[in-house]
Every structure is written in structure tokens, then in C-alpha cells.
>>> print(open('model-v8.csv').read())   # CSV, C-alpha atoms and all ligand atoms
chain,number,residue,atom,x,y,z
A,278,MET,CA,-51.0,-23.9,46.7
A,279,LYS,CA,-54.1,-25.7,45.4
A,280,TYR,CA,-55.9,-22.7,44.0
A,281,CYS,CA,-54.5,-19.6,42.3
A,282,VAL,CA,-57.7,-17.7,43.0
A,283,GLU,CA,-60.2,-18.3,45.7
A,284,THR,CA,-63.1,-15.9,46.3
A,285,PHE,CA,-65.1,-15.5,49.5
A,286,ASP,CA,-68.5,-13.9,48.9
A,287,LEU,CA,-66.8,-11.4,46.7
A,288,THR,CA,-69.3,-8.6,46.0
A,289,LYS,CA,-69.2,-5.3,44.2
A,290,ASN,CA,-72.2,-2.9,44.4
A,291,TYR,CA,-72.7,0.2,42.3
A,292,GLY,CA,-75.4,2.0,44.3
A,293,ASP,CA,-78.2,-0.5,44.7
A,294,PHE,CA,-77.0,-2.7,41.9
A,295,ALA,CA,-74.8,-5.8,42.6
A,296,ALA,CA,-72.5,-6.1,39.6
A,297,VAL,CA,-70.8,-9.1,41.4
A,298,ASP,CA,-72.9,-10.8,44.0
A,299,THR,CA,-71.3,-13.0,46.8
A,300,LEU,CA,-69.1,-14.8,44.4
A,301,LYS,CA,-67.7,-18.1,45.7
A,302,MET,CA,-65.2,-19.6,43.3
A,303,LYS,CA,-62.0,-21.6,43.3
A,304,ILE,CA,-59.7,-21.7,40.4
A,305,LYS,CA,-57.1,-24.5,40.3
A,306,ASN,CA,-53.5,-23.5,40.3
A,307,LYS,CA,-51.7,-23.9,37.0
A,308,SER,CA,-54.9,-24.3,35.1
A,309,ILE,CA,-56.4,-22.3,32.2
A,310,PHE,CA,-59.8,-21.0,33.4
A,311,GLY,CA,-62.4,-19.6,31.1
A,312,PHE,CA,-64.7,-16.9,32.6
A,313,LEU,CA,-67.8,-16.6,30.5
A,314,GLY,CA,-71.0,-14.6,30.8
A,315,PRO,CA,-73.3,-12.3,28.8
A,316,ASN,CA,-72.4,-8.6,28.4
A,317,GLY,CA,-72.7,-6.8,31.7
A,318,ALA,CA,-72.6,-10.1,33.7
A,319,GLY,CA,-69.7,-9.0,36.0
A,320,LYS,CA,-66.6,-10.6,34.4
A,321,THR,CA,-64.5,-7.4,34.1
A,322,THR,CA,-65.7,-6.2,37.5
A,323,THR,CA,-64.5,-9.5,39.1
A,324,ILE,CA,-61.2,-9.3,37.3
A,325,LYS,CA,-60.7,-5.7,38.4
A,326,MET,CA,-61.2,-6.8,42.0
A,327,LEU,CA,-58.9,-9.8,41.7
A,328,THR,CA,-56.2,-7.6,40.1
A,329,CYS,CA,-56.6,-4.9,42.9
A,330,LEU,CA,-57.8,-2.3,40.4
A,331,ALA,CA,-61.2,-2.0,42.3
A,332,LEU,CA,-62.1,-2.6,45.9
A,333,PRO,CA,-64.8,-5.1,46.7
A,334,THR,CA,-67.9,-3.7,48.6
A,335,SER,CA,-67.8,-6.8,50.7
A,336,GLY,CA,-66.1,-10.2,50.8
A,337,THR,CA,-62.6,-10.9,49.7
A,338,ALA,CA,-60.4,-13.2,47.6
A,339,THR,CA,-56.9,-14.7,47.6
A,340,VAL,CA,-54.8,-14.4,44.5
A,341,ALA,CA,-51.6,-16.4,44.3
A,342,GLY,CA,-52.2,-17.2,48.0
A,343,GLN,CA,-52.3,-13.5,49.0
A,344,ASP,CA,-55.4,-11.6,50.2
A,345,ILE,CA,-56.4,-8.8,47.8
A,346,LEU,CA,-57.4,-6.6,50.7
A,347,LYS,CA,-54.5,-7.2,53.1
A,348,ASN,CA,-51.7,-7.7,50.6
A,349,PRO,CA,-52.5,-5.9,47.3
A,350,ASN,CA,-48.9,-5.1,46.5
A,351,GLU,CA,-47.9,-8.8,46.8
A,352,VAL,CA,-50.8,-9.7,44.6
A,353,ARG,CA,-49.7,-7.1,42.0
A,354,GLN,CA,-46.2,-8.6,41.8
A,355,LYS,CA,-47.6,-12.0,41.0
A,356,ILE,CA,-50.1,-11.1,38.3
A,357,GLY,CA,-50.1,-9.9,34.8
A,358,MET,CA,-53.2,-8.3,33.2
A,359,ILE,CA,-54.2,-7.9,29.6
A,360,PRO,CA,-57.2,-5.5,30.0
A,361,GLN,CA,-60.4,-5.4,27.8
A,362,MET,CA,-59.3,-1.9,26.6
A,363,VAL,CA,-55.6,-1.6,25.9
A,364,SER,CA,-54.1,0.7,28.5
A,365,LEU,CA,-50.7,1.6,27.2
A,366,TYR,CA,-49.4,5.2,26.7
A,367,GLY,CA,-50.3,6.3,23.2
A,368,ASP,CA,-47.4,8.7,22.7
A,369,LEU,CA,-44.7,6.3,23.9
A,370,THR,CA,-43.4,3.6,21.5
A,371,VAL,CA,-44.0,-0.1,22.0
A,372,LYS,CA,-40.6,-0.6,23.4
A,373,GLU,CA,-40.9,2.4,25.8
A,374,ASN,CA,-44.2,1.1,27.1
A,375,VAL,CA,-42.8,-2.4,27.7
A,376,HIS,CA,-39.7,-1.0,29.4
A,377,LEU,CA,-41.8,1.2,31.6
A,378,CYS,CA,-43.8,-1.8,32.7
A,379,GLY,CA,-40.6,-3.7,33.5
A,380,ASP,CA,-39.3,-0.8,35.5
A,381,PHE,CA,-42.7,-0.6,37.4
A,382,TYR,CA,-42.2,-4.2,38.5
A,383,GLY,CA,-38.5,-3.7,39.3
A,384,VAL,CA,-37.2,-6.0,36.6
A,385,HIS,CA,-33.4,-5.5,36.2
A,386,GLU,CA,-32.5,-3.5,33.1
A,387,ASP,CA,-30.5,-6.3,31.3
A,388,LEU,CA,-33.2,-8.8,32.0
A,389,ARG,CA,-35.9,-6.4,31.0
A,390,ASP,CA,-34.4,-5.7,27.6
A,391,SER,CA,-33.7,-9.3,26.7
A,392,ARG,CA,-37.2,-10.4,27.8
A,393,ALA,CA,-38.8,-7.5,25.9
A,394,ASP,CA,-36.9,-8.6,22.8
A,395,GLU,CA,-37.9,-12.2,23.2
A,396,LEU,CA,-41.5,-11.5,23.9
A,397,MET,CA,-41.8,-9.0,21.0
A,398,GLU,CA,-40.3,-11.7,18.7
A,399,MET,CA,-42.8,-14.2,20.1
A,400,VAL,CA,-45.9,-12.3,19.3
A,401,ASP,CA,-44.4,-10.7,16.2
A,402,ILE,CA,-44.4,-7.0,17.1
A,403,LYS,CA,-40.7,-6.4,17.2
A,404,TYR,CA,-40.8,-4.8,13.7
A,405,ALA,CA,-42.9,-2.0,15.2
A,406,GLU,CA,-41.0,-1.6,18.5
A,407,ASN,CA,-40.2,2.0,17.8
A,408,LYS,CA,-43.7,3.1,16.7
A,409,PRO,CA,-45.8,5.1,19.1
A,410,VAL,CA,-48.7,3.0,20.3
A,411,SER,CA,-51.3,5.5,19.1
A,412,GLN,CA,-50.1,4.7,15.5
A,413,LEU,CA,-50.7,0.9,15.8
A,414,SER,CA,-53.7,-1.1,14.6
A,415,GLY,CA,-56.0,-2.7,17.1
A,416,GLY,CA,-54.3,-6.1,16.8
A,417,MET,CA,-50.8,-4.6,17.1
A,418,LYS,CA,-51.9,-2.7,20.2
A,419,GLN,CA,-53.1,-6.0,21.7
A,420,LYS,CA,-49.8,-7.6,21.0
A,421,ALA,CA,-47.9,-4.8,22.6
A,422,SER,CA,-50.2,-5.1,25.6
A,423,VAL,CA,-49.4,-8.8,25.8
A,424,VAL,CA,-45.7,-8.1,25.9
A,425,ALA,CA,-46.1,-5.4,28.5
A,426,SER,CA,-48.1,-7.7,30.8
A,427,LEU,CA,-45.6,-10.5,30.6
A,428,ILE,CA,-42.4,-8.6,31.1
A,429,HIS,CA,-42.2,-9.4,34.9
A,430,GLN,CA,-43.0,-13.2,34.3
A,431,PRO,CA,-46.2,-13.2,36.3
A,432,GLU,CA,-47.5,-16.4,38.0
A,433,ILE,CA,-51.0,-15.7,37.1
A,434,LEU,CA,-52.1,-14.0,33.9
A,435,PHE,CA,-55.5,-12.4,33.5
A,436,LEU,CA,-56.8,-11.9,30.0
A,437,ASP,CA,-60.0,-9.9,29.4
A,438,GLU,CA,-61.3,-10.8,25.9
A,439,PRO,CA,-57.7,-10.8,24.5
A,440,THR,CA,-58.5,-11.9,21.0
A,441,ILE,CA,-61.3,-9.5,20.1
A,442,GLY,CA,-60.6,-7.9,16.8
A,443,LEU,CA,-57.5,-10.1,16.1
A,444,ASP,CA,-57.1,-11.7,12.7
A,445,PRO,CA,-57.2,-15.6,12.7
A,446,THR,CA,-53.4,-15.9,12.4
A,447,THR,CA,-52.8,-13.5,15.3
A,448,LYS,CA,-55.4,-15.3,17.4
A,449,ARG,CA,-53.6,-18.5,16.9
A,450,ILE,CA,-50.3,-16.9,17.9
A,451,LEU,CA,-52.0,-15.8,21.1
A,452,TRP,CA,-53.6,-19.2,21.8
A,453,ASP,CA,-50.2,-20.9,21.3
A,454,MET,CA,-48.7,-18.4,23.7
A,455,VAL,CA,-51.3,-19.0,26.3
A,456,GLU,CA,-50.7,-22.7,26.1
A,457,GLU,CA,-47.0,-22.2,26.3
A,458,LEU,CA,-47.3,-20.0,29.4
A,459,ASN,CA,-49.5,-22.5,31.0
A,460,SER,CA,-47.1,-25.4,30.3
A,461,GLU,CA,-44.4,-23.3,32.0
A,462,GLY,CA,-46.6,-23.6,35.1
A,463,ARG,CA,-48.5,-20.3,35.0
A,464,SER,CA,-52.2,-20.0,35.7
A,465,ILE,CA,-54.4,-18.3,33.1
A,466,ILE,CA,-57.7,-16.6,33.7
A,467,LEU,CA,-59.4,-15.9,30.4
A,468,CYS,CA,-62.6,-13.9,29.9
A,469,SER,CA,-64.0,-14.6,26.5
A,470,HIS,CA,-67.1,-14.7,24.4
A,471,ASP,CA,-65.4,-17.0,21.9
A,472,MET,CA,-66.6,-20.5,22.6
A,473,TYR,CA,-64.2,-22.1,20.2
A,474,GLU,CA,-61.3,-20.4,22.1
A,475,VAL,CA,-62.7,-21.5,25.4
A,476,GLU,CA,-63.1,-25.1,24.4
A,477,LEU,CA,-59.7,-25.2,22.8
A,478,LEU,CA,-57.8,-23.8,25.8
A,479,CYS,CA,-59.7,-24.1,29.0
A,480,ASP,CA,-59.5,-26.8,31.7
A,481,ASP,CA,-62.4,-25.4,33.6
A,482,VAL,CA,-65.1,-22.9,32.8
A,483,GLY,CA,-67.2,-20.6,35.1
A,484,ILE,CA,-70.3,-18.9,33.8
A,485,ILE,CA,-71.4,-15.8,35.5
A,486,ASN,CA,-74.9,-14.3,35.0
A,487,ARG,CA,-76.1,-11.1,36.6
A,488,GLY,CA,-73.3,-11.1,39.1
A,489,LEU,CA,-74.0,-14.7,40.2
A,490,LEU,CA,-72.0,-17.8,39.4
A,491,ALA,CA,-74.4,-19.9,37.3
A,492,ALA,CA,-72.2,-22.9,36.4
A,493,PHE,CA,-68.7,-24.2,37.0
A,494,ASN,CA,-67.3,-27.3,35.5
A,495,THR,CA,-65.0,-28.6,32.7
A,496,PRO,CA,-66.2,-27.8,29.2
A,497,GLN,CA,-67.2,-31.5,28.8
A,498,GLY,CA,-68.7,-31.6,32.2
A,499,LEU,CA,-71.0,-28.7,31.3
A,500,LYS,CA,-72.1,-30.5,28.1
A,501,ASP,CA,-72.7,-33.8,29.9
A,502,THR,CA,-74.8,-32.0,32.6
A,503,MET,CA,-76.8,-30.4,29.8
A,504,ILE,CA,-77.4,-33.8,28.1
A,505,THR,CA,-78.6,-35.3,31.5
A,506,GLU,CA,-80.8,-32.3,32.2
A,507,ARG,CA,-82.5,-32.5,28.8
A,508,LYS,CA,-83.1,-36.2,29.2
A,509,ASN,CA,-84.6,-35.7,32.7
A,510,GLU,CA,-86.8,-32.9,31.5
A,511,LYS,CA,-88.1,-35.1,28.7
A,512,ILE,CA,-88.8,-38.0,31.1
A,513,SER,CA,-90.6,-35.8,33.6
A,514,ARG,CA,-92.6,-34.0,30.9
A,515,SER,CA,-93.7,-37.3,29.4
A,516,SER,CA,-94.6,-38.9,32.8
A,517,ASN,CA,-96.5,-35.8,33.9
A,518,ILE,CA,-98.7,-35.8,30.8
A,519,THR,CA,-99.1,-39.6,30.9
A,520,LYS,CA,-100.3,-39.5,34.5
A,521,ILE,CA,-103.0,-36.9,33.5
A,522,VAL,CA,-104.1,-38.9,30.5
A,523,GLU,CA,-104.3,-42.1,32.6
A,524,GLU,CA,-106.4,-40.2,35.2
A,525,MET,CA,-108.8,-39.2,32.3
A,526,GLN,CA,-108.9,-42.8,31.0
A,527,LYS,CA,-110.4,-44.0,34.3
A,528,GLU,CA,-113.7,-42.2,33.4
A,529,ALA,CA,-113.5,-42.4,29.6
A,530,SER,CA,-115.6,-44.4,27.2
A,531,PRO,CA,-113.9,-47.1,25.1
A,532,GLU,CA,-113.8,-44.7,22.1
A,533,GLU,CA,-112.4,-41.9,24.2
A,534,ASN,CA,-109.9,-44.4,25.7
A,535,ALA,CA,-108.6,-45.3,22.2
A,536,SER,CA,-108.1,-41.6,21.4
A,537,LEU,CA,-106.3,-41.0,24.7
A,538,ASN,CA,-104.1,-44.0,24.0
A,539,SER,CA,-102.9,-42.2,20.8
A,540,VAL,CA,-102.3,-39.0,22.9
A,541,LYS,CA,-100.1,-41.1,25.2
A,542,ASP,CA,-98.2,-42.7,22.3
A,543,TYR,CA,-97.7,-39.2,20.8
A,544,VAL,CA,-96.3,-37.8,24.0
A,545,GLU,CA,-94.0,-40.7,24.6
A,546,LYS,CA,-92.8,-40.5,21.0
A,547,LYS,CA,-92.2,-36.7,21.3
A,548,ASN,CA,-90.2,-37.1,24.5
A,549,ARG,CA,-88.3,-40.3,23.8
A,550,ASP,CA,-84.5,-40.4,24.1
A,551,SER,CA,-83.0,-39.6,20.8
A,552,MET,CA,-79.7,-38.6,19.3
A,553,GLU,CA,-78.7,-37.1,16.0
A,554,LEU,CA,-76.1,-38.5,13.6
A,555,SER,CA,-75.0,-36.5,10.6
A,556,VAL,CA,-73.6,-38.7,7.7
A,557,MET,CA,-72.3,-37.9,4.3
A,558,ILE,CA,-72.8,-40.7,1.7
A,559,SER,CA,-71.3,-40.1,-1.7
A,560,ASN,CA,-73.7,-42.5,-3.5
A,561,LEU,CA,-76.8,-41.8,-1.5
A,562,ASP,CA,-80.0,-42.9,-3.4
A,563,ASP,CA,-83.7,-43.4,-2.6
A,564,ASN,CA,-83.2,-47.2,-2.0
A,565,LEU,CA,-80.5,-46.7,0.6
A,566,LEU,CA,-82.6,-43.9,2.3
A,567,THR,CA,-85.6,-46.3,2.5
A,568,GLN,CA,-83.4,-49.0,4.0
A,569,LEU,CA,-82.2,-46.7,6.7
A,570,GLU,CA,-85.6,-45.3,7.4
A,571,ASN,CA,-86.8,-48.9,7.9
A,572,LEU,CA,-84.2,-49.7,10.6
A,573,PRO,CA,-86.0,-50.1,14.0
A,574,ILE,CA,-83.7,-47.5,15.7
A,575,THR,CA,-84.4,-44.8,13.1
A,576,TYR,CA,-87.0,-42.1,14.1
A,577,LYS,CA,-86.6,-39.7,11.2
A,578,ILE,CA,-84.2,-38.9,8.4
A,579,THR,CA,-83.7,-35.4,7.1
A,580,LYS,CA,-82.0,-35.1,3.7
A,581,GLN,CA,-79.6,-32.2,3.3
A,582,HIS,CA,-77.4,-31.1,0.3
A,583,SER,CA,-74.5,-33.1,-1.3
A,584,GLY,CA,-75.5,-36.5,0.1
A,585,ARG,CA,-75.6,-35.4,3.7
A,586,ILE,CA,-78.4,-36.9,5.9
A,587,VAL,CA,-79.2,-36.2,9.5
A,588,ILE,CA,-80.6,-39.2,11.3
A,589,ASP,CA,-82.8,-38.8,14.4
A,590,MET,CA,-82.5,-42.1,16.1
A,591,GLU,CA,-82.7,-44.1,19.4
A,592,ASP,CA,-80.2,-43.0,21.9
A,593,SER,CA,-78.4,-46.2,22.7
A,594,GLU,CA,-74.8,-47.4,22.7
A,595,GLU,CA,-75.3,-49.6,19.6
A,596,SER,CA,-77.2,-47.0,17.5
A,597,VAL,CA,-74.2,-45.5,15.7
A,598,THR,CA,-72.8,-49.0,14.9
A,599,LYS,CA,-76.2,-50.2,13.6
A,600,ILE,CA,-76.6,-47.2,11.3
A,601,ILE,CA,-73.1,-47.6,9.9
A,602,SER,CA,-73.7,-51.4,9.3
A,603,GLY,CA,-77.0,-50.5,7.6
A,604,ILE,CA,-75.2,-48.1,5.2
A,605,ILE,CA,-72.4,-50.6,4.5
A,606,GLU,CA,-74.7,-53.5,4.0
A,607,ASN,CA,-76.5,-51.5,1.3
A,608,ASN,CA,-73.2,-50.5,-0.4
A,609,GLY,CA,-73.3,-46.9,0.8
A,610,ASN,CA,-70.0,-45.1,0.7
A,611,ILE,CA,-69.6,-43.0,3.9
A,612,THR,CA,-67.3,-39.9,3.5
A,613,SER,CA,-67.9,-38.3,6.8
A,614,ILE,CA,-69.8,-39.0,10.0
A,615,SER,CA,-70.4,-37.1,13.3
A,616,THR,CA,-72.8,-37.1,16.2
A,617,LYS,CA,-74.4,-33.9,17.3
A,618,ASP,CA,-73.6,-33.2,20.9
A,619,PRO,CA,-74.6,-29.9,22.6
A,620,SER,CA,-71.9,-27.2,22.1
A,621,LEU,CA,-70.5,-24.9,24.8
A,622,GLU,CA,-72.5,-22.2,23.1
A,623,ASP,CA,-75.7,-24.3,23.7
A,624,VAL,CA,-74.7,-24.6,27.4
A,625,PHE,CA,-74.0,-20.9,27.6
A,626,VAL,CA,-77.4,-20.0,26.2
A,627,ARG,CA,-79.2,-22.4,28.4
A,628,VAL,CA,-77.4,-21.5,31.6
A,629,THR,CA,-77.7,-17.7,31.1
A,630,ALA,CA,-81.4,-18.0,30.2
A,631,LYS,CA,-82.2,-19.4,33.6
A,632,LYS,CA,-83.5,-16.8,36.0
A,633,GLU,CA,-82.0,-18.2,39.3
A,634,GLU,CA,-78.6,-19.2,40.3
A,635,VAL,CA,-78.3,-22.9,39.7
A,636,SER,CA,-74.9,-24.0,40.9
A,637,ASP,CA,-74.0,-24.8,44.4
A,638,ASP,CA,-70.8,-26.6,43.1
A,639,ASN,CA,-68.5,-23.7,42.5
A,640,GLY,CA,-65.3,-25.4,41.7
A,641,GLY,CA,-64.3,-26.5,45.1
A,642,ASN,CA,-63.5,-30.1,45.7
A,701,LIG,N1,-67.9,2.1,37.2
A,701,LIG,C1,-69.1,1.6,37.2
A,701,LIG,N2,-70.2,2.2,37.6
A,701,LIG,C2,-71.5,1.7,37.6
A,701,LIG,N3,-71.7,0.5,37.0
A,701,LIG,C3,-70.7,-0.2,36.5
A,701,LIG,C4,-69.4,0.3,36.6
A,701,LIG,N4,-68.6,-0.7,36.0
A,701,LIG,C5,-69.4,-1.7,35.6
A,701,LIG,N5,-70.7,-1.4,35.9
A,701,LIG,C6,-71.8,-2.2,35.7
A,701,LIG,O1,-71.6,-3.5,36.3
A,701,LIG,C7,-72.1,-4.5,35.4
A,701,LIG,C8,-71.0,-5.5,35.1
A,701,LIG,O2,-70.1,-4.9,34.2
A,701,LIG,P1,-68.8,-5.7,33.7
A,701,LIG,O3,-68.0,-4.7,32.9
A,701,LIG,O4,-68.2,-6.4,34.8
A,701,LIG,O5,-69.5,-6.8,32.7
A,701,LIG,P2,-68.7,-7.9,31.8
A,701,LIG,O6,-69.3,-9.2,32.2
A,701,LIG,O7,-67.3,-7.6,31.8
A,701,LIG,O8,-69.4,-7.5,30.3
A,701,LIG,P3,-68.7,-7.6,28.9
A,701,LIG,O9,-68.9,-9.0,28.4
A,701,LIG,O10,-69.7,-6.6,28.1
A,701,LIG,O11,-67.3,-7.1,28.9
A,701,LIG,C9,-72.7,-3.8,34.2
A,701,LIG,O12,-74.1,-3.7,34.4
A,701,LIG,C10,-72.0,-2.5,34.2
A,701,LIG,O13,-72.9,-1.5,33.7
A,702,MG,MG,-65.9,-7.1,30.3
>>> encode(input="model-v8.csv", output="C-alpha cells", more="lines below")
Ligand SMILES: Nc1ncnc2c1ncn2[C@@H]1O[C@H](COP(=O)(O)OP(=O)(O)OP(=O)(O)O)[C@@H](O)[C@H]1O
Ligand SMILES: [Mg+2]
Amino acid sequence: MKYCVETFDLTKNYGDFAAVDTLKMKIKNKSIFGFLGPNGAGKTTTIKMLTCLALPTSGTATVAGQDILKNPNEVRQKIGMIPQMVSLYGDLTVKENVHLCGDFYGVHEDLRDSRADELMEMVDIKYAENKPVSQLSGGMKQKASVVASLIHQPEILFLDEPTIGLDPTTKRILWDMVEELNSEGRSIILCSHDMYEVELLCDDVGIINRGLLAAFNTPQGLKDTMITERKNEKISRSSNITKIVEEMQKEASPEENASLNSVKDYVEKKNRDSMELSVMISNLDDNLLTQLENLPITYKITKQHSGRIVIDMEDSEESVTKIISGIIENNGNITSISTKDPSLEDVFVRVTAKKEEVSDDNGGN
């Protein structure tokens, strides 16, 4: 099986409103997939359809090779779900909830008990196994929910914003667990607003916006696309304005032509390819700063606190090396250095700000 999930024009309408609109998406088997999108974009609605908790209005999907409309019971056997809102019984204890889930999936009692113990140890909730769920903190409830969803060893695990409200240590436990489950061969589908989490864990990312799939790629692929798009926008902006100015120059006087030449220079400068390098220099002084400003590849240097400078410079393969050489030749002592690439958050903001659906590559290959 190549894909753990494949959707075919999956649609969910509430009245006239399409919460999920003809979604076409293929999620690779045994991968960790990040499902992103603004509030109300349609993530939970999609997950509910894929986990057979809600019926699509039209279209369908296969999950673990089974059609969600034709074989919902087979789908349920193969999946585990950690919902956005914990859905355990408040007056039952952690252990009772977990056992109930095991029984629901027909896990044999001995196996159920040993697995429950193992999983409770793993997420560090065993100490509270006899507490009613209603008396647990938010993070403890989430841990109990994780154990309950894994008791039948599902092939595919759906997690809907699983780390919201968890403390940093508990988050890390959950991330480790997701990676471990994935390394055992399970597919993970993770809805999240936490870009760090998504970058850390996910092989592929889908961004949904107003029910439509707006982007699908690897995290790095999304960033690379954004870099290329930005470059192309700059080139096209610059060449459009240059064409207009050149048109004007045909009928301009020599004085006007000189002014229009400076407009052209300004536009080209504004839209040239550039990259940013952030460098910390422990012995930064004015002399070193001037030397770096005078390098032909440097456009602008902004001084920040504690010897940090941000260098706006020509975007070429040798630029970073030239700056480093320039600093070393002037006896500068570099303590840290990094280039500033777009983050996944930048990609998210850009993709979800676009009005129309942009992607016709929806993960299939
Ligand atoms: N039962 C329902 N009846 C009517 N509209 C609904 C229902 N469930 C969801 N919606 C609407 O469908 C849209 C998508 O909701 P959904 O819960 O899927 O968003 P989401 O992407 O999970 O958002 P969030 O990041 O806030 O969890 C929203 O506009 C929501 O109001
Ligand atoms: Mg949601």
C-alpha cells in the first residue's frame, strides 16, 4: 500500500457552506504528515470524515486501503484517534477508560492489561491510573487519551492538536512517542498550529485554507517554493516598471531621461536578489563594520545588540564565504552565524493569505 490515506473529492457541507471542498490528497504510507490551516479551515472536519465519525456530503476516501463509506468498521479497526477535545469518560479512572477502549477493539484481556501498563509508563501517567479522568489536569487527560488511542496498536494514528496546553517536557515525551510509533511502521496524521512541532516531526505537510488544499510538499519544499516565488515576483515587478520607464524615456528630454535613469536604478536596487546573514562578532568595532560595508556584495548592514549584525547582501553561492573571509581578514572573532531562510510560519502566512487555491500538486506522484 503506497498511501495510508487517499481522498477523492472529499467534501463536507454544512448547509450552503463547504467546510471541506473537493479535497484531493494522498498521504504516504508510514510517513508523518502535518495537516495545517487557520482556525476553521476544515482540518478537524476532514479528520472526522477519515475516522468515520462524520459522513462526507460527497466524495470519499480510503484509509489503510479501506473505503470510509463502504468499510467503516475495517477503517475503525486500523486507526487510532487523539481528538482535539479529550473524549474519555470523566467518572471512570484512567485505567478503566483505557481498558474500555481495549475491550471496544476486542484486544484480549491479558494483552490489553500489559499494553495499558506499558503505554501508561511510556507517557508517565501510570501514577494516576486509579484517578477519575474528571480529576486530572489538561495535560494528564491528554496523556490518558494517548494511551487509550494506542491500546489496539493502530496502523494509522490521527492526532488533532495533541500538544496544546502541554508543558515543554510533556510535549517532548509526546514527540518522542510519535517518532517511535512511526519508526515501528505506523503512519501519523498530525493537525497542528505549532510550526516547530511540524518541522521537527513531519515528512510532508498539507495546508488547508477555507476547505481547499492550498499547498502540499515537504517542509523544505514549501520553503524552497516560497524563495523561488519571492525571487520571481521581484524580477517581474522590476521588469514591469523598467519597461514603463523605458517607454517614457522614448519621449523624454535629456534632463528627464537622467531622472528616469535614477528611477530605473532605484527599482532595480529595490528588487535585486538579496539574502540576509546574521553574524555575532565578539570584538565588533566601527573599523570592521566599515570594511564589511565596503565589500562589493554588501547592500546594507544593520547593527543589533551585543555585537550582532544583520547583513543584507547579494544572493550568490560565494556571498557567505566572502563575508566570513572579510571578517577574519579584519581580525573579527565570529561567535555565531546563520542565514535567514523563510520559516514554515512564513510559508503558512503567505499560503493562507492567498485568496485562491494555488496547488494542483496534491501529494500524488
Ligand atoms: N457541526 C457543524 N455544523 C456547522 N458548521 C460546522 C460544524 N463543524 C464544523 N463547522 C464549521 O466548519 C468549518 C471548519 O471547522 P473545523 O473544525 O474543521 O476547523 P479546523 O481547521 O479544525 O479549525 P481549528 O484550527 O480551529 O481547530 C468552520 O467554519 C466550522 O464553524
Ligand atoms: Mg480543529
>>> residues_around(input="model-v8.csv", residues="Pro333 in chain A", least_positions_apart="4", cutoff="8 Å", atoms="only C-alpha atoms", output="list in words")
Leu287, Thr288, Lys289, Met326 and Thr337 of chain A
>>> atom_distance(input="model-v8.csv", atom1="CA of Val410 in chain A", atom2="CA of Tyr366 in chain A")
6.8 Å
>>> atom_distance(input="model-v8.csv", atom1="atom C5 of ligand LIG 701 (chain A)", atom2="CA of Thr322 in chain A")
6.1 Å
>>> residues_near_ligand(input="model-v8.csv", ligand="ligand LIG 701 (chain A)", cutoff="9 Å", atoms="all atoms listed in the file", output="JSON, numbers by chain")
{"A": [289, 290, 291, 292, 294, 295, 296, 297, 312, 313, 314, 315, 316, 317, 318, 319, 320, 321, 322, 323, 324, 325, 361, 437, 438, 468, 469, 470, 485, 486, 487, 488]}
>>> axis_aligned_box(input="model-v8.csv", around="range 603-609 of chain A", padding_each_side="5 Å", output="AutoDock Vina command-line options")
--center_x -74.7 --center_y -50.2 --center_z 3.6 --size_x 14.6 --size_y 16.6 --size_z 18.0
>>> closest_residue(input="model-v8.csv", among="A:Ile359, A:Asp286, A:Asp480, A:Gln343", to="ligand MG 702 (chain A)", atoms="all atoms listed in the file")
A:Ile359
>>> residues_near_point(input="model-v8.csv", point="(-54.9, 0.0, 26.8)", cutoff="12 Å", atoms="only C-alpha atoms", output="ChimeraX atom specification")
/A:358-367,371,374,410-411,413,415-423,425-426,437,439
>>> closest_residue(input="model-v8.csv", among="A:Ala535, A:Val375, A:Met552, A:Val455", to="Ser593 in chain A", atoms="all atoms listed in the file")
A:Met552
